[in-house]
>>> print(open('protein.cif').read())   # mmCIF, C-alpha atoms and all ligand atoms
data_input
loop_
_atom_site.label_atom_id
_atom_site.label_comp_id
_atom_site.auth_asym_id
_atom_site.auth_seq_id
_atom_site.Cartn_x
_atom_site.Cartn_y
_atom_site.Cartn_z
CA MET Z 1 -5.21 26.16 -7.46
CA MET Z 2 -3.53 24.79 -4.35
CA ARG Z 3 0.17 25.53 -3.94
CA ALA Z 4 2.68 23.61 -1.86
CA PRO Z 5 4.16 25.46 1.12
CA ASP Z 6 7.84 26.49 1.02
CA PHE Z 7 10.32 23.67 1.55
CA ARG Z 8 13.99 22.89 0.93
CA TYR Z 9 14.77 20.20 -1.66
CA TYR Z 10 17.83 17.97 -1.49
CA ALA Z 11 18.57 15.71 -4.45
CA ALA Z 12 20.30 12.70 -2.87
CA ARG Z 13 23.05 11.01 -4.91
CA SER Z 14 23.22 7.67 -3.10
CA VAL Z 15 21.31 5.68 -0.48
CA ARG Z 16 23.99 6.59 2.09
CA ASP Z 17 23.66 10.27 1.16
CA ALA Z 18 19.85 10.14 1.44
CA ALA Z 19 20.01 8.29 4.77
CA ALA Z 20 22.41 10.89 6.20
CA ALA Z 21 20.16 13.75 5.04
CA LEU Z 22 17.11 11.98 6.50
CA GLU Z 23 18.83 11.47 9.84
CA ASP Z 24 20.02 15.10 9.93
CA GLY Z 25 16.56 16.39 8.98
CA GLY Z 26 14.79 14.48 11.78
CA ASN Z 27 11.02 14.98 11.96
CA ALA Z 28 11.16 17.88 9.49
CA ALA Z 29 12.38 15.67 6.62
CA MET Z 30 10.46 13.40 4.21
CA LEU Z 31 11.49 11.29 1.25
CA LEU Z 32 10.13 11.95 -2.22
CA ALA Z 33 10.15 9.31 -4.96
CA GLY Z 34 7.56 9.99 -7.70
CA GLY Z 35 5.82 12.60 -5.54
CA THR Z 36 2.32 11.55 -6.68
CA ASP Z 37 1.18 11.08 -3.07
CA LEU Z 38 3.45 13.46 -1.14
CA VAL Z 39 3.02 16.52 -3.37
CA PRO Z 40 -0.82 16.53 -3.23
CA ASN Z 41 -0.56 16.02 0.54
CA MET Z 42 1.79 18.99 0.81
CA LYS Z 43 -0.65 21.11 -1.18
CA ARG Z 44 -3.44 20.08 1.18
CA ARG Z 45 -1.11 20.78 4.17
CA THR Z 46 -1.67 17.29 5.58
CA GLN Z 47 2.08 16.68 5.28
CA THR Z 48 4.36 19.71 5.49
CA PRO Z 49 8.03 18.66 5.53
CA ALA Z 50 10.51 21.55 5.71
CA LEU Z 51 13.06 19.32 3.94
CA VAL Z 52 12.20 17.06 1.00
CA ILE Z 53 14.86 14.50 0.04
CA GLY Z 54 14.59 13.38 -3.57
CA LEU Z 55 15.39 9.72 -4.35
CA ARG Z 56 14.94 9.81 -8.11
CA GLY Z 57 18.62 10.38 -8.91
CA ILE Z 58 19.78 7.23 -7.10
CA GLY Z 59 20.46 4.65 -9.80
CA GLU Z 60 20.77 1.68 -7.44
CA LEU Z 61 17.12 2.15 -6.40
CA ARG Z 62 15.81 1.46 -9.91
CA GLY Z 63 15.33 -1.68 -11.93
CA VAL Z 64 14.22 -5.31 -11.81
CA ARG Z 65 16.95 -7.93 -11.32
CA ALA Z 66 16.93 -11.73 -11.09
CA GLY Z 67 17.82 -13.21 -7.69
CA GLY Z 68 17.86 -11.93 -4.14
CA GLY Z 69 14.52 -13.55 -3.37
CA GLY Z 70 15.77 -15.80 -0.58
CA GLY Z 71 15.11 -14.81 3.02
CA GLY Z 72 17.27 -12.92 5.51
CA GLY Z 73 20.84 -12.49 4.59
CA GLY Z 74 20.94 -13.52 1.15
CA GLY Z 75 21.24 -12.95 -2.34
CA GLY Z 76 22.57 -13.68 -5.71
CA ARG Z 77 20.97 -15.59 -8.49
CA ARG Z 78 21.26 -18.85 -6.53
CA ALA Z 79 18.49 -17.72 -4.15
CA GLY Z 80 16.10 -17.44 -7.12
CA GLY Z 81 13.29 -14.94 -7.23
CA LEU Z 82 13.41 -11.30 -8.19
CA THR Z 83 14.57 -8.01 -6.66
CA LEU Z 84 12.83 -4.75 -7.53
CA GLY Z 85 14.42 -1.40 -6.66
CA ALA Z 86 12.15 0.85 -4.60
CA CYS Z 87 12.26 3.64 -7.20
CA THR Z 88 11.26 1.40 -10.10
CA THR Z 89 8.15 3.03 -11.52
CA LEU Z 90 4.82 1.23 -11.40
CA ALA Z 91 4.71 1.31 -15.21
CA GLU Z 92 8.07 -0.48 -15.31
CA VAL Z 93 6.93 -3.05 -12.74
CA ALA Z 94 3.70 -3.76 -14.63
CA ALA Z 95 5.54 -4.14 -17.95
CA ALA Z 96 8.52 -6.21 -16.73
CA PRO Z 97 8.31 -9.63 -18.46
CA ALA Z 98 9.70 -11.42 -15.40
CA VAL Z 99 6.92 -9.92 -13.27
CA GLY Z 100 4.11 -10.65 -15.73
CA ARG Z 101 5.24 -14.23 -16.28
CA ARG Z 102 5.79 -15.32 -12.70
CA TYR Z 103 4.19 -12.76 -10.36
CA ARG Z 104 0.93 -11.97 -12.12
CA ALA Z 105 -0.77 -10.52 -9.01
CA LEU Z 106 1.91 -7.83 -8.82
CA ALA Z 107 1.69 -6.99 -12.53
CA LEU Z 108 -2.11 -6.69 -12.23
CA ALA Z 109 -1.93 -4.56 -9.07
CA ALA Z 110 0.78 -2.21 -10.35
CA GLY Z 111 -0.98 -1.90 -13.70
CA GLN Z 112 -4.23 -0.77 -12.04
CA VAL Z 113 -2.81 1.99 -9.83
CA ALA Z 114 -4.24 5.39 -10.80
CA THR Z 115 -3.61 6.41 -14.45
CA PRO Z 116 -0.82 5.82 -17.00
CA GLN Z 117 0.68 9.26 -16.21
CA LEU Z 118 0.73 8.55 -12.48
CA ARG Z 119 2.18 5.07 -13.04
CA ASN Z 120 5.00 6.65 -15.07
CA MET Z 121 5.90 8.84 -12.07
CA GLY Z 122 4.76 6.75 -9.09
CA THR Z 123 7.19 4.18 -7.73
CA LEU Z 124 6.88 0.81 -6.04
CA GLY Z 125 8.48 2.10 -2.81
CA GLY Z 126 6.18 5.13 -2.75
CA ASN Z 127 3.19 2.85 -3.26
CA LEU Z 128 4.21 0.63 -0.34
CA CYS Z 129 4.71 3.67 1.92
CA LEU Z 130 1.59 5.46 0.63
CA ASP Z 131 -0.16 7.54 3.29
CA THR Z 132 -3.41 6.06 4.62
CA ARG Z 133 -6.54 7.70 3.27
CA CYS Z 134 -9.82 9.02 4.72
CA THR Z 135 -12.71 11.24 3.62
CA TYR Z 136 -12.01 13.53 6.57
CA TYR Z 137 -8.26 13.78 5.82
CA ASP Z 138 -7.78 13.97 2.04
CA GLN Z 139 -9.25 17.45 1.88
CA SER Z 140 -7.99 21.00 1.60
CA GLU Z 141 -6.84 22.87 4.69
CA GLU Z 142 -10.01 25.04 4.59
CA TRP Z 143 -12.27 21.97 4.48
CA ARG Z 144 -10.50 20.37 7.42
CA ARG Z 145 -10.51 23.61 9.41
CA ALA Z 146 -14.28 23.80 8.89
CA ILE Z 147 -14.78 20.43 10.63
CA ASN Z 148 -12.27 21.37 13.35
CA TRP Z 149 -9.59 19.00 12.00
CA CYS Z 150 -9.10 15.39 13.08
CA MET Z 151 -6.48 13.44 15.00
CA LYS Z 152 -4.50 12.49 11.86
CA ALA Z 153 -4.13 16.11 10.70
CA PRO Z 154 -4.75 18.37 13.68
CA GLY Z 155 -3.91 21.66 11.89
CA SER Z 156 -0.94 23.94 12.41
CA ASN Z 157 -2.29 25.37 15.69
CA GLY Z 158 -3.00 21.97 17.23
CA GLY Z 159 -6.64 21.75 16.17
CA HIS Z 160 -8.51 24.49 17.99
CA ALA Z 161 -10.00 26.25 14.97
CA CYS Z 162 -13.60 26.32 16.18
CA GLY Z 163 -12.78 26.83 19.80
CA THR Z 164 -13.34 23.16 20.62
CA PRO Z 165 -10.15 21.75 22.07
CA ASP Z 166 -11.21 18.22 21.11
CA GLY Z 167 -10.76 18.67 17.35
CA ALA Z 168 -7.21 17.37 17.33
CA SER Z 169 -8.02 14.20 19.25
CA LEU Z 170 -11.15 13.19 17.34
CA CYS Z 171 -11.61 10.53 14.66
CA TRP Z 172 -14.66 11.63 12.65
CA VAL Z 173 -15.17 8.09 11.37
CA ALA Z 174 -15.66 6.65 14.85
CA THR Z 175 -16.02 9.58 17.20
CA SER Z 176 -15.66 7.60 20.42
CA SER Z 177 -12.57 5.78 19.14
CA PRO Z 178 -9.16 6.56 20.65
CA ARG Z 179 -7.46 5.61 17.35
CA CYS Z 180 -7.40 6.77 13.73
CA TRP Z 181 -9.16 4.55 11.15
CA ALA Z 182 -7.67 5.92 7.93
CA VAL Z 183 -7.44 3.18 5.29
CA SER Z 184 -4.44 1.47 3.73
CA SER Z 185 -5.06 2.02 0.01
CA THR Z 186 -1.94 0.64 -1.62
CA ASP Z 187 -2.66 -1.76 -4.46
CA THR Z 188 0.72 -3.46 -4.60
CA ALA Z 189 1.11 -4.31 -0.88
CA PRO Z 190 -1.62 -7.02 -0.76
CA ALA Z 191 -0.27 -8.56 -3.98
CA LEU Z 192 3.32 -8.57 -2.74
CA ILE Z 193 2.37 -10.00 0.67
CA ALA Z 194 0.43 -12.81 -1.04
CA LEU Z 195 3.56 -13.50 -3.11
CA GLY Z 196 5.71 -13.77 0.03
CA ALA Z 197 7.76 -10.57 -0.50
CA THR Z 198 10.36 -9.21 1.88
CA VAL Z 199 11.74 -5.65 1.88
CA THR Z 200 15.10 -4.06 2.69
CA LEU Z 201 15.22 -0.91 4.80
CA ALA Z 202 18.46 1.10 4.97
CA ARG Z 203 19.64 3.72 7.43
CA VAL Z 204 22.99 5.26 8.32
CA ALA Z 205 23.67 2.51 10.87
CA GLY Z 206 22.98 -0.37 8.44
CA ARG Z 207 20.31 -2.39 6.66
CA ARG Z 208 17.62 -4.83 7.76
CA ARG Z 209 15.24 -7.11 5.90
CA LEU Z 210 11.73 -8.01 6.98
CA PRO Z 211 8.62 -9.69 5.58
CA LEU Z 212 6.54 -6.98 3.89
CA GLU Z 213 3.57 -7.85 6.09
CA LYS Z 214 5.58 -6.65 9.08
CA LEU Z 215 6.09 -3.20 7.55
CA TYR Z 216 2.46 -2.39 8.40
CA ARG Z 217 0.68 -1.52 11.62
CA ASP Z 218 -3.07 -1.41 12.25
CA ASP Z 219 -3.11 2.31 12.95
CA GLY Z 220 -4.23 4.99 10.49
CA MET Z 221 -1.61 7.43 11.77
CA ALA Z 222 1.46 5.31 12.58
CA TYR Z 223 0.74 2.87 9.73
CA LEU Z 224 4.35 1.85 9.06
CA THR Z 225 6.87 0.16 11.34
CA ARG Z 226 9.63 1.92 9.35
CA GLU Z 227 11.96 3.84 11.70
CA PRO Z 228 12.19 7.61 11.03
CA GLY Z 229 15.70 7.38 9.50
CA GLU Z 230 14.98 4.39 7.26
CA ILE Z 231 14.63 4.23 3.48
CA LEU Z 232 12.92 1.34 1.74
CA THR Z 233 15.49 0.34 -0.85
CA ALA Z 234 14.26 -2.91 -2.41
CA VAL Z 235 11.48 -5.49 -2.61
CA HIS Z 236 12.47 -9.17 -2.87
CA LEU Z 237 10.25 -11.89 -4.28
CA PRO Z 238 10.93 -15.58 -3.64
CA ALA Z 239 11.10 -18.09 -6.50
CA ALA Z 240 7.60 -18.53 -7.90
CA ALA Z 241 7.78 -22.09 -9.24
CA GLY Z 242 4.35 -23.71 -9.08
CA TRP Z 243 2.49 -20.62 -7.87
CA ARG Z 244 -0.44 -18.93 -9.62
CA SER Z 245 -1.60 -15.53 -8.45
CA THR Z 246 -4.12 -12.81 -9.21
CA TYR Z 247 -5.35 -9.43 -7.97
CA TRP Z 248 -8.98 -8.24 -8.02
CA LYS Z 249 -9.65 -4.54 -7.46
CA LEU Z 250 -12.99 -2.93 -6.64
CA ARG Z 251 -13.30 0.80 -7.41
CA ARG Z 252 -15.88 3.19 -8.76
CA ARG Z 253 -14.21 4.03 -12.08
CA GLY Z 254 -12.33 1.35 -13.98
CA SER Z 255 -10.10 3.96 -15.63
CA PHE Z 256 -8.60 5.24 -12.39
CA ASP Z 257 -9.47 5.24 -8.71
CA PHE Z 258 -8.05 4.13 -5.40
CA PRO Z 259 -9.25 0.65 -4.37
CA VAL Z 260 -12.21 0.35 -2.01
CA LEU Z 261 -11.31 -3.32 -1.90
CA GLY Z 262 -8.26 -5.21 -3.16
CA VAL Z 263 -8.02 -8.99 -3.07
CA ALA Z 264 -4.72 -10.73 -3.78
CA ALA Z 265 -4.72 -14.51 -3.98
CA ALA Z 266 -1.83 -16.91 -4.58
CA VAL Z 267 -2.11 -20.69 -4.76
CA ARG Z 268 0.49 -23.43 -5.30
CA PHE Z 269 -0.91 -26.71 -6.61
CA ALA Z 270 0.59 -30.13 -5.86
CA THR Z 271 1.17 -32.61 -8.71
CA GLY Z 272 -2.17 -34.35 -8.23
CA GLY Z 273 -4.11 -31.07 -8.42
CA ALA Z 274 -4.73 -30.51 -4.70
CA VAL Z 275 -3.72 -27.23 -3.10
CA ALA Z 276 -0.22 -27.34 -1.59
CA ASP Z 277 -0.26 -23.79 -0.24
CA ALA Z 278 -2.62 -20.79 -0.47
CA ARG Z 279 -2.59 -17.15 0.59
CA VAL Z 280 -5.26 -14.47 0.44
CA VAL Z 281 -4.58 -10.84 1.41
CA LEU Z 282 -7.12 -7.99 1.54
CA GLY Z 283 -6.42 -4.33 0.85
CA ALA Z 284 -8.42 -1.14 1.53
CA VAL Z 285 -10.59 -2.62 4.29
CA ALA Z 286 -8.42 -1.70 7.31
CA SER Z 287 -5.49 0.53 8.20
CA ARG Z 288 -3.11 -2.16 6.97
CA PRO Z 289 -3.28 -5.03 4.46
CA LEU Z 290 -5.04 -8.01 6.09
CA VAL Z 291 -3.79 -11.57 5.71
CA VAL Z 292 -6.69 -14.06 5.75
CA PRO Z 293 -5.38 -16.95 7.91
CA GLU Z 294 -8.16 -19.34 6.77
CA ALA Z 295 -6.62 -19.48 3.27
CA ALA Z 296 -3.95 -21.80 4.68
CA THR Z 297 -6.65 -24.37 5.52
CA LEU Z 298 -7.08 -25.00 1.79
CA ALA Z 299 -3.81 -26.97 1.80
CA GLY Z 300 -4.49 -30.63 1.06
CA SER Z 301 -7.94 -30.06 -0.50
CA ARG Z 302 -9.05 -29.58 -4.06
CA LEU Z 303 -10.06 -26.00 -4.83
CA THR Z 304 -13.75 -26.76 -5.13
CA ASP Z 305 -16.51 -24.18 -4.64
CA GLU Z 306 -17.28 -25.91 -1.31
CA ALA Z 307 -13.68 -25.49 -0.13
CA ILE Z 308 -13.53 -21.87 -1.30
CA GLU Z 309 -16.75 -20.71 0.38
CA PRO Z 310 -15.59 -20.84 4.06
CA VAL Z 311 -12.41 -18.95 3.16
CA ALA Z 312 -14.45 -16.26 1.39
CA GLU Z 313 -16.77 -16.00 4.38
CA ALA Z 314 -13.88 -15.77 6.83
CA ALA Z 315 -12.35 -12.99 4.73
CA ALA Z 316 -15.60 -11.02 4.78
CA ALA Z 317 -15.80 -11.42 8.55
CA LEU Z 318 -12.23 -10.16 8.94
CA ALA Z 319 -12.69 -7.04 6.79
CA THR Z 320 -13.68 -3.88 8.63
CA PRO Z 321 -14.59 -1.33 5.97
CA LEU Z 322 -15.68 1.93 7.58
CA ASP Z 323 -17.59 4.95 6.37
CA ASN Z 324 -14.51 6.87 5.28
CA THR Z 325 -14.14 6.04 1.62
CA ASP Z 326 -16.28 5.50 -1.48
CA PHE Z 327 -19.45 3.31 -1.58
CA ALA Z 328 -21.70 2.05 1.25
CA LEU Z 329 -19.66 0.10 3.79
CA ALA Z 330 -22.18 -2.78 4.12
CA TRP Z 331 -21.97 -3.37 0.36
CA ARG Z 332 -18.16 -3.21 0.44
CA LYS Z 333 -18.09 -5.85 3.18
CA LYS Z 334 -20.44 -8.06 1.16
CA MET Z 335 -18.19 -7.70 -1.90
CA VAL Z 336 -15.23 -9.14 0.02
CA ARG Z 337 -16.83 -12.58 -0.08
CA HIS Z 338 -17.57 -12.37 -3.83
CA TYR Z 339 -14.12 -11.06 -4.72
CA VAL Z 340 -12.23 -13.64 -2.63
CA ALA Z 341 -14.31 -16.49 -4.08
CA GLY Z 342 -13.92 -15.10 -7.60
CA ALA Z 343 -10.15 -14.69 -7.29
CA LEU Z 344 -9.69 -18.26 -6.00
CA ARG Z 345 -11.96 -19.69 -8.71
CA GLU Z 346 -9.94 -17.83 -11.32
CA LEU Z 347 -6.75 -19.49 -10.06
CA ARG Z 348 -8.44 -22.91 -10.18
CA ASP Z 349 -9.88 -22.44 -13.66
CA THR Z 350 -6.96 -20.66 -15.36
CA PRO Z 351 -4.29 -23.04 -16.65
CA SER Z 352 -0.77 -22.05 -15.62
C1 LIG X 401 -5.51 10.74 -8.77
C2 LIG X 401 -4.69 9.71 -8.03
C3 LIG X 401 -5.10 8.40 -8.07
C4 LIG X 401 -4.35 7.42 -7.39
N1 LIG X 401 -4.79 6.13 -7.43
C5 LIG X 401 -4.10 5.17 -6.77
C6 LIG X 401 -4.54 3.82 -6.81
O1 LIG X 401 -5.51 3.47 -7.48
N2 LIG X 401 -3.85 2.90 -6.08
C7 LIG X 401 -2.75 3.23 -5.34
O2 LIG X 401 -2.16 2.35 -4.71
N3 LIG X 401 -2.30 4.51 -5.30
C8 LIG X 401 -2.93 5.49 -5.99
N4 LIG X 401 -2.48 6.79 -5.97
C9 LIG X 401 -1.36 7.15 -5.11
C10 LIG X 401 0.03 7.19 -5.76
O3 LIG X 401 -0.02 7.71 -7.06
C11 LIG X 401 0.69 5.83 -5.80
O4 LIG X 401 0.49 5.15 -4.60
C12 LIG X 401 2.19 5.91 -6.09
O5 LIG X 401 2.71 4.62 -6.24
C13 LIG X 401 2.98 6.60 -4.99
O6 LIG X 401 4.35 6.50 -5.35
P1 LIG X 401 5.29 7.79 -5.42
O7 LIG X 401 6.63 7.33 -5.85
O8 LIG X 401 4.68 8.87 -6.25
O9 LIG X 401 5.27 8.21 -3.88
P2 LIG X 401 5.67 9.57 -3.20
O10 LIG X 401 4.55 10.54 -3.31
O11 LIG X 401 7.01 10.03 -3.66
O12 LIG X 401 5.81 9.06 -1.70
C14 LIG X 401 4.70 8.51 -1.02
C15 LIG X 401 5.09 8.29 0.45
O13 LIG X 401 6.08 7.28 0.53
C16 LIG X 401 7.30 7.78 1.12
N5 LIG X 401 8.37 7.16 0.35
C17 LIG X 401 8.53 7.20 -1.00
N6 LIG X 401 9.56 6.41 -1.36
C18 LIG X 401 10.07 5.88 -0.22
C19 LIG X 401 11.14 4.99 0.05
N7 LIG X 401 11.90 4.47 -0.91
N8 LIG X 401 11.38 4.65 1.36
C20 LIG X 401 10.59 5.14 2.35
N9 LIG X 401 9.56 5.99 2.14
C21 LIG X 401 9.31 6.34 0.87
C22 LIG X 401 7.20 9.29 0.97
O14 LIG X 401 7.93 9.96 1.98
C23 LIG X 401 5.71 9.52 1.11
O15 LIG X 401 5.34 9.50 2.46
C24 LIG X 401 -3.19 7.79 -6.66
C25 LIG X 401 -2.78 9.12 -6.65
C26 LIG X 401 -3.51 10.08 -7.32
C27 LIG X 401 -3.03 11.50 -7.29
#
>>> encode(input="protein.cif", output="structure tokens", more="lines below")
Ligand SMILES: Cc1cc2nc3c(=O)[nH]c(=O)nc-3n(C[C@H](O)[C@H](O)[C@H](O)COP(=O)(O)OP(=O)(O)OC[C@H]3O[C@@H](n4cnc5c(N)ncnc54)[C@H](O)[C@@H]3O)c2cc1C
Amino acid sequence: MMRAPDFRYYAARSVRDAAAALEDGGNAAMLLAGGTDLVPNMKRRTQTPALVIGLRGIGELRGVRAGGGGGGGGGGRRAGGLTLGACTTLAEVAAAPAVGRRYRALALAAGQVATPQLRNMGTLGGNLCLDTRCTYYDQSEEWRRAINWCMKAPGSNGGHACGTPDGASLCWVATSSPRCWAVSSTDTAPALIALGATVTLARVAGRRRLPLEKLYRDDGMAYLTREPGEILTAVHLPAAAGWRSTYWKLRRRGSFDFPVLGVAAAVRFATGGAVADARVVLGAVASRPLVVPEAATLAGSRLTDEAIEPVAEAAAALATPLDNTDFALAWRKKMVRHYVAGALRELRDTPS
């Protein structure tokens, strides 16, 4: 059995309290929500914070409320939409009637994360900040020492276990690459981006709001643009009138598994039946969720098979699955086209 290393635990009582503790703790501190990602990582010694700041006791971080979905500064019921606290569990998100009715892609994505037990513990904020994953990283300390570490987890002595000083600067997935290719594996991020979500980040000095898409960076190590002292406090969804959305997940076991491909699609239809607006976002095929720009070209056309095909092809061309997760990468790339086409056809054929 793997045990977590020693650490100090601080149960924060408010966002301000947590932000102050995070700022004081500096690089040694990490936030813990449900702990379903951080605790296994601590046991594997891939993340070893000396100070863990618990968010679970902060009431204002939980729950689903109407309103707050407008951009930038705003709020209240007048802005329409929905606000979800970052510590709302995935089970609560999946079961919330307001989510299921109007933001189906999110309900489907949250409801397919891991297992019922993990969804009862795991939170929306933790899912959005989930560490990137890789075959060469999500392993025990002994396993990683045996391959002389990698650049994402260079080992406590800087990665010189086998006497080769290069261990700490190497990406085993692409050995000549200067960057890390670990994969973004969050199910809810593609769905929320397709739905036009924004997020609030809070720190001691204040709060800021940004489109969720901008929270991510195409880098397996520095995969979030979140500043070190920031806490993700809430997710805001705009009003969903006229939109239909879905989420298709490819994984080995239907009962529970991380995605090897996630496809979120959202389409708004005009009165005559043509597409007014469309978004497609891919998960698990890069170090961040990928927006497929070609989806926007559907606007003005009917969602025929002929109109869907070029978007599905463009999505497959954009995806860069690598050999660092389950299944053969060529097959995963091929599946992007089928999943994107299938998701868009579902939105066309399913009455609202
Ligand atoms: C067997 C297994 C299967 C899984 N399958 C899936 C899957 O299919 N799909 C999937 O998406 N995930 C999966 N997961 C990962 C995980 O369970 C979920 O992503 C979960 O939502 C993480 O949420 P959490 O609250 O437990 O995060 P935590 O473990 O508490 O935190 C995760 C990360 O986010 C940071 N963090 C947490 N909350 C905040 C916040 N409010 N602000 C800023 N940073 C924060 C933490 O510091 C940490 O780095 C799986 C995990 C396991 C163990």
>>> closest_residue(input="protein.cif", among="Z:Gly67, Z:Pro40, Z:Gly220, Z:Pro178", to="ligand LIG 401 (chain X)", atoms="only C-alpha atoms and all ligand atoms")
Z:Pro40
>>> residues_near_ligand(input="protein.cif", ligand="ligand LIG 401 (chain X)", cutoff="7 Å", atoms="only C-alpha atoms and all ligand atoms", output="NGL selection string")
:Z and (30-40 or 86-87 or 90 or 112-115 or 118-119 or 121-131 or 185-188 or 230-233 or 256-259)
>>> residues_around(input="protein.cif", residues="Z:Trp243", least_positions_apart="3", cutoff="8 Å", atoms="only C-alpha atoms", output="list of chain:residue names")
Z:Arg102, Z:Ala240, Z:Ala266, Z:Val267, Z:Arg268, Z:Phe269
>>> closest_residue(input="protein.cif", among="Z:Thr135, Z:Arg203, Z:Gly100, Z:Pro228", to="Z:Gly25", atoms="only C-alpha atoms")
Z:Pro228
>>> atom_distance(input="protein.cif", atom1="atom CA of Z:Ala222", atom2="atom CA of Z:Ser184")
11.3 Å
>>> residues_around(input="protein.cif", residues="stretch 341-343 of chain Z", least_positions_apart="2", cutoff="10 Å", atoms="all atoms listed in the file", output="number ranges by chain")
Z: 245-248, 263-266, 280, 305, 307-313, 315, 335-339, 345-348
>>> write_last_selection(input="protein.cif", atoms="C-alpha atoms", output="PDB file, keeping the file's coordinate frame")
ATOM      1  CA  SER Z 245      -1.600 -15.530  -8.450  1.00  0.00           C
ATOM      2  CA  THR Z 246      -4.120 -12.810  -9.210  1.00  0.00           C
ATOM      3  CA  TYR Z 247      -5.350  -9.430  -7.970  1.00  0.00           C
ATOM      4  CA  TRP Z 248      -8.980  -8.240  -8.020  1.00  0.00           C
ATOM      5  CA  VAL Z 263      -8.020  -8.990  -3.070  1.00  0.00           C
ATOM      6  CA  ALA Z 264      -4.720 -10.730  -3.780  1.00  0.00           C
ATOM      7  CA  ALA Z 265      -4.720 -14.510  -3.980  1.00  0.00           C
ATOM      8  CA  ALA Z 266      -1.830 -16.910  -4.580  1.00  0.00           C
ATOM      9  CA  VAL Z 280      -5.260 -14.470   0.440  1.00  0.00           C
ATOM     10  CA  ASP Z 305     -16.510 -24.180  -4.640  1.00  0.00           C
ATOM     11  CA  ALA Z 307     -13.680 -25.490  -0.130  1.00  0.00           C
ATOM     12  CA  ILE Z 308     -13.530 -21.870  -1.300  1.00  0.00           C
ATOM     13  CA  GLU Z 309     -16.750 -20.710   0.380  1.00  0.00           C
ATOM     14  CA  PRO Z 310     -15.590 -20.840   4.060  1.00  0.00           C
ATOM     15  CA  VAL Z 311     -12.410 -18.950   3.160  1.00  0.00           C
ATOM     16  CA  ALA Z 312     -14.450 -16.260   1.390  1.00  0.00           C
ATOM     17  CA  GLU Z 313     -16.770 -16.000   4.380  1.00  0.00           C
ATOM     18  CA  ALA Z 315     -12.350 -12.990   4.730  1.00  0.00           C
ATOM     19  CA  MET Z 335     -18.190  -7.700  -1.900  1.00  0.00           C
ATOM     20  CA  VAL Z 336     -15.230  -9.140   0.020  1.00  0.00           C
ATOM     21  CA  ARG Z 337     -16.830 -12.580  -0.080  1.00  0.00           C
ATOM     22  CA  HIS Z 338     -17.570 -12.370  -3.830  1.00  0.00           C
ATOM     23  CA  TYR Z 339     -14.120 -11.060  -4.720  1.00  0.00           C
ATOM     24  CA  ARG Z 345     -11.960 -19.690  -8.710  1.00  0.00           C
ATOM     25  CA  GLU Z 346      -9.940 -17.830 -11.320  1.00  0.00           C
ATOM     26  CA  LEU Z 347      -6.750 -19.490 -10.060  1.00  0.00           C
ATOM     27  CA  ARG Z 348      -8.440 -22.910 -10.180  1.00  0.00           C
TER      28      ARG Z 348
END
>>> atom_distance(input="protein.cif", atom1="atom CA of Z:Ala18", atom2="atom CA of Z:Glu92")
23.1 Å
>>> closest_residue(input="protein.cif", among="Z:Leu329, Z:Leu195, Z:Asp323, Z:Arg208", to="Z:Val281", atoms="only C-alpha atoms")
Z:Leu195
>>> residues_around(input="protein.cif", residues="Z:Ala96", least_positions_apart="6", cutoff="12 Å", atoms="only C-alpha atoms", output="list of chain:residue names")
Z:Gly63, Z:Val64, Z:Arg65, Z:Ala66, Z:Leu82, Z:Thr83, Z:Leu84, Z:Thr88, Z:Thr89, Z:Leu90, Z:Arg102, Z:Tyr103, Z:Arg104, Z:Leu106, Z:Ala107, Z:Leu108, Z:Ala110, Z:Gly111
>>> write_last_selection(input="protein.cif", atoms="C-alpha atoms", output="PDB file, in the coordinates of the input")
ATOM      1  CA  GLY Z  63      15.330  -1.680 -11.930  1.00  0.00           C
ATOM      2  CA  VAL Z  64      14.220  -5.310 -11.810  1.00  0.00           C
ATOM      3  CA  ARG Z  65      16.950  -7.930 -11.320  1.00  0.00           C
ATOM      4  CA  ALA Z  66      16.930 -11.730 -11.090  1.00  0.00           C
ATOM      5  CA  LEU Z  82      13.410 -11.300  -8.190  1.00  0.00           C
ATOM      6  CA  THR Z  83      14.570  -8.010  -6.660  1.00  0.00           C
ATOM      7  CA  LEU Z  84      12.830  -4.750  -7.530  1.00  0.00           C
ATOM      8  CA  THR Z  88      11.260   1.400 -10.100  1.00  0.00           C
ATOM      9  CA  THR Z  89       8.150   3.030 -11.520  1.00  0.00           C
ATOM     10  CA  LEU Z  90       4.820   1.230 -11.400  1.00  0.00           C
ATOM     11  CA  ARG Z 102       5.790 -15.320 -12.700  1.00  0.00           C
ATOM     12  CA  TYR Z 103       4.190 -12.760 -10.360  1.00  0.00           C
ATOM     13  CA  ARG Z 104       0.930 -11.970 -12.120  1.00  0.00           C
ATOM     14  CA  LEU Z 106       1.910  -7.830  -8.820  1.00  0.00           C
ATOM     15  CA  ALA Z 107       1.690  -6.990 -12.530  1.00  0.00           C
ATOM     16  CA  LEU Z 108      -2.110  -6.690 -12.230  1.00  0.00           C
ATOM     17  CA  ALA Z 110       0.780  -2.210 -10.350  1.00  0.00           C
ATOM     18  CA  GLY Z 111      -0.980  -1.900 -13.700  1.00  0.00           C
TER      19      GLY Z 111
END
>>> closest_residue(input="protein.cif", among="Z:Ala284, Z:Ile147, Z:Val15, Z:Ala95", to="Z:Thr200", atoms="all atoms listed in the file")
Z:Val15
>>> closest_residue(input="protein.cif", among="Z:Ala197, Z:Thr304, Z:Arg209, Z:Ala202", to="Z:Gly229", atoms="all atoms listed in the file")
Z:Ala202
>>> atom_distance(input="protein.cif", atom1="atom CA of Z:Cys150", atom2="atom CA of Z:Leu224")
19.5 Å
